[in-house]
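Visitor: Below is the structure I would like to discuss, written out as structure tokens.
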Amino acid sequence: MNVIYVVSIVLAGAAALAVVLTQDLIRLAMAASFYTLTLVVFFLLLQAPDVALSELVVGTIAYPVVLLVAILIDRAE
Amino acid sequence: MTRRARLIVFGVAAAGLAALLIWGTLGIPDFGHYHGRYGQILNRDAVKERQATNTVTAIVFDYRGLDTMGEEFILFAAVTGVALLLRETRQRVPNPIDPVRSEAVRAVGICLVPAVLTLGLWIVAHGAVTPGGGFQGGVILAAAFLLLWLAGSLRAYTRVTPTPFVDLTEGTGAGGYVLVGLVALLLGEPFLHNLLPYGLAGKLSSGGSIPILNWATALAVTAAFLLLFAEFLEERSFVIAGKHK
């Protein structure tokens with residue numbers, strides 16, 4: 001079980017690094033979405049399904065969508 | 001500041017933060033060995049007292065129901081602010097052009113709408129029984145409508161979610177939560193006291209007034225996200241339509 005924790009944390013760390021290092025904004029929104037997904041997996045492993053669900057709906061769906069639309073508004077201008 | 005100086009400052013700050021984080025993490029109790037008294041009491045008694053098998057929901061919508069009301073009104077205030085700021089300055093686009101060109105995207109998206117809608121309703125309805133509840137289910141319900149925009153068009157989205165109706169839903173959800181609390185007050189109990197029969201643990205109807213508060217929250221959250229998306233999406237099509245002129 002401990003191995004799964006370590007793998008999950010390392011994956012989240014790598015995804016967080018990817019968010020910081022991504023230059024293209026559209027890809028950044030997708031990277032941020034994926035990063036939250038790694039956190040969701042981590043929360044599930046810690047047996048916190050309620051928190052995982054909240055993180056999933058806000059971090060993986062709502063936040064990237066708002067980010068995407070904001071980027072599109074900016075590009076159109 | 002030179003690049004070198006900035007790197008040194010960053011290095012010191014990062015090392016300090018890392019040390020603090022590691023120190024803090026080492027002090028965390030082992031998995032399953034939580035030390036908070038309040039949490040242990042609730043873990044032991046919540047299911048017996050409220051017949052709600054999801055202790056998290058029992059805490060959020062019963063024992064700490066007042067906190068959740070505050071959180072709900074944070075979202076309410078934020079969305080009201082967005083609507084006030086964006087609605088005033090925006091002109092309505094008569095015919096925004098944003099058709100989905102791929103038939104595959106359209107077909108898959110439209111097929112997903114009822115599935116996501118069902119999932120959202122299921123998560124809200126079973127808030128007291130399984131993980132989830134009004135907040136999570138509410139965002140999923142909003143996402144189902146959002147799929148209409150992604151797979152169809154903004155016109156389809158706005159036609160299914162007319163703004164006056166969404167506004168009304170938002171108010172009904174937020175107000176309904178307060179109303180449940182006020183009913184308890186009128187009957188001489190503390191604000192938001194759980195009044196209804198608790199039912200049997202594991203049943204859909206268990207938890208007393210927890211399911212009602214769940215549905216009120218779901219209404220408020222769904223409407224809040226729909227309003228948020230609508231304001232942003234219309235802003236976007238306004239800008240793009242303006243550019244095409």
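By convention in this document, the chains of the structure tokens carry letters A, B, ... by their order, each chain's residues are numbered from 1, and ligands are numbered from 1 in the order they are shown.
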Segment 60-63 of chain B: which residues within 12 Å, counting only C-alpha atoms, same-chain residues fewer than 5 positions away excluded, as JSON, numbers by chain?
Guide: {"A": [50], "B": [38, 39, 41, 42, 45, 46, 49, 50, 51, 52, 54, 55, 68, 69, 70, 71, 72, 127, 128, 132, 133, 134, 135, 177, 180, 181, 190, 191, 192, 193, 194, 195, 196, 198, 207, 208, 209, 210, 211, 212, 213, 214, 215, 216, 217]}
Visitor: As a list of chain:residue names, could you give me every residue of chain A near chain B (at most 7 Å apart, counting only C-alpha atoms)?
Guide: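 Interface list for chain A against chain B: A:Pro49, A:Asp50, A:Leu53, A:Ser54, A:Val57, A:Val69, A:Leu72, A:Ile73, A:Ala76, A:Glu77.
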Visitor: Nearest to Gly175 of chain B: which of B:Leu21, B:Ala224, B:Leu219, B:Leu85 is it, counting only C-alpha atoms?
Guide: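 For Gly175 of chain B, the nearest of the candidates is B:Leu219.
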Visitor: Near Ala104 of chain B, counting only C-alpha atoms, which residues have an atom at most 12 Å away, once you skip same-chain residues fewer than 6 positions from it, shown as a JSON list (two decimals) with N, CA and C atoms, in the first residue's frame?
Guide:
[["chain", "number", "residue", "atom", "x", "y", "z"],
["B", 110, "ILE", "N", -23.86, 14.49, -27.12],
["B", 110, "ILE", "CA", -25.30, 14.46, -26.87],
["B", 110, "ILE", "C", -25.70, 13.19, -26.12],
["B", 111, "CYS", "N", -25.04, 12.06, -26.47],
["B", 111, "CYS", "CA", -25.34, 10.81, -25.77],
["B", 111, "CYS", "C", -24.93, 10.89, -24.30],
["B", 151, "ALA", "N", -21.04, 20.09, -27.14],
["B", 151, "ALA", "CA", -21.39, 19.20, -28.24],
["B", 151, "ALA", "C", -22.37, 19.86, -29.20],
["B", 152, "GLY", "N", -23.09, 20.86, -28.73],
["B", 152, "GLY", "CA", -24.07, 21.51, -29.59],
["B", 152, "GLY", "C", -23.65, 22.94, -29.89]]
Visitor: What lies within 12 Å of Thr38 of chain A using only C-alpha atoms, ignoring chain neighbours under 2 positions off, as a list in words?
Guide: Tyr5, Val7, Ser8, Ile9, Val10, Leu11, Ala12, Gly13, Ala14, Ala15, Ala16, Ala31, Ala32, Ser33, Phe34, Tyr35, Thr36, Val40, Val41, Phe42, Phe43, Leu44, Leu45, Ala52, Glu55, Leu56, Gly59 and Thr60 of chain A
Visitor: Which distance in Å separates atom CA of Ala77 of chain B and atom CA of Val58 of chain A, to one decimal?
Guide: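 Separation between atom CA of Ala77 of chain B and atom CA of Val58 of chain A: 17.6 Å.
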Visitor: Contacts of Arg27 of chain A at 12 Å or less, counting only C-alpha atoms, minus same-chain residues fewer than 6 places along, as a ChimeraX atom specification?
Guide: /A:18-21,33-34,64,67-68,71
Visitor: Would you save the residues from that selection as an mmCIF file, in the first residue's frame, using N, CA and C atoms?
Guide:
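The new file selection.cif reads:
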data_model
loop_
_atom_site.group_PDB
_atom_site.id
_atom_site.type_symbol
_atom_site.label_atom_id
_atom_site.label_comp_id
_atom_site.auth_asym_id
_atom_site.auth_seq_id
_atom_site.Cartn_x
_atom_site.Cartn_y
_atom_site.Cartn_z
ATOM 1 N N ALA A 18 4.705 19.872 -14.410
ATOM 2 C CA ALA A 18 4.281 20.049 -15.799
ATOM 3 C C ALA A 18 3.433 21.304 -15.942
ATOM 4 N N VAL A 19 2.555 21.575 -14.931
ATOM 5 C CA VAL A 19 1.718 22.782 -14.978
ATOM 6 C C VAL A 19 2.600 24.024 -15.009
ATOM 7 N N VAL A 20 3.636 24.026 -14.147
ATOM 8 C CA VAL A 20 4.510 25.198 -14.071
ATOM 9 C C VAL A 20 5.301 25.379 -15.356
ATOM 10 N N LEU A 21 5.730 24.259 -15.956
ATOM 11 C CA LEU A 21 6.647 24.347 -17.092
ATOM 12 C C LEU A 21 5.930 24.512 -18.433
ATOM 13 N N SER A 33 -5.853 20.421 -15.393
ATOM 14 C CA SER A 33 -6.935 19.449 -15.223
ATOM 15 C C SER A 33 -6.363 18.078 -14.857
ATOM 16 N N PHE A 34 -5.296 17.678 -15.561
ATOM 17 C CA PHE A 34 -4.683 16.374 -15.288
ATOM 18 C C PHE A 34 -4.055 16.352 -13.894
ATOM 19 N N PRO A 64 -10.880 24.173 -15.318
ATOM 20 C CA PRO A 64 -10.316 24.253 -16.663
ATOM 21 C C PRO A 64 -11.258 24.920 -17.665
ATOM 22 N N LEU A 67 -11.037 28.583 -17.195
ATOM 23 C CA LEU A 67 -9.709 28.954 -17.688
ATOM 24 C C LEU A 67 -9.700 29.007 -19.222
ATOM 25 N N LEU A 68 -10.261 27.951 -19.854
ATOM 26 C CA LEU A 68 -10.294 27.867 -21.312
ATOM 27 C C LEU A 68 -11.052 29.037 -21.913
ATOM 28 N N ILE A 71 -9.130 32.213 -21.674
ATOM 29 C CA ILE A 71 -8.055 32.256 -22.667
ATOM 30 C C ILE A 71 -8.625 32.595 -24.043
#
Visitor: So, counting only C-alpha atoms, which residue among A:Leu46, A:Met30, A:Leu25, A:Val3 is closest to Asp74 of chain A?
Guide: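 Answer, going by the shortest atom-to-atom distance: A:Leu25.
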Visitor: What does the distance between atom CA of Thr80 of chain B and atom CA of Thr222 of chain B come to in Å, to one decimal place?
Guide: 13.9 Å
Visitor: Applying 12 Å and only C-alpha atoms, which residues near Val100 of chain B remain after dropping the ones on its own chain fewer than 6 positions away? List them as a list in words.
Guide: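 That gives Arg106, Ala107, Val108, Gly109, Ile110, Leu147, Leu148, Trp149, Leu150, Ala151, Gly152, Ser153, Leu154, Arg155 and Ala156 of chain B.
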Visitor: Show me, as an MDAnalysis selection string, the residues that have an atom within 10 Å of Thr161 of chain B when counting only C-alpha atoms, minus same-chain residues fewer than 6 positions from it.
Guide: chainID B and resid 145 155 167 223 226:227 230
Visitor: How would the residues just picked look written out with C-alpha atoms as a tab-separated table (two decimals), in the first residue's frame?
Guide:
chain	number	residue	atom	x	y	z
B	145	PHE	CA	-25.75	21.30	-19.36
B	155	ARG	CA	-27.96	28.63	-28.59
B	167	ASP	CA	-31.80	33.05	-11.42
B	223	ALA	CA	-27.73	27.32	-10.86
B	226	LEU	CA	-24.89	27.57	-14.92
B	227	LEU	CA	-24.96	31.34	-14.35
B	230	ALA	CA	-23.53	31.48	-19.18
Visitor: For Val178 of chain B, which of B:Ala220, B:Ala201, B:Leu84, B:Val12 is the closest residue, counting only C-alpha atoms?
Guide: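 The closest residue to Val178 of chain B is B:Ala220.
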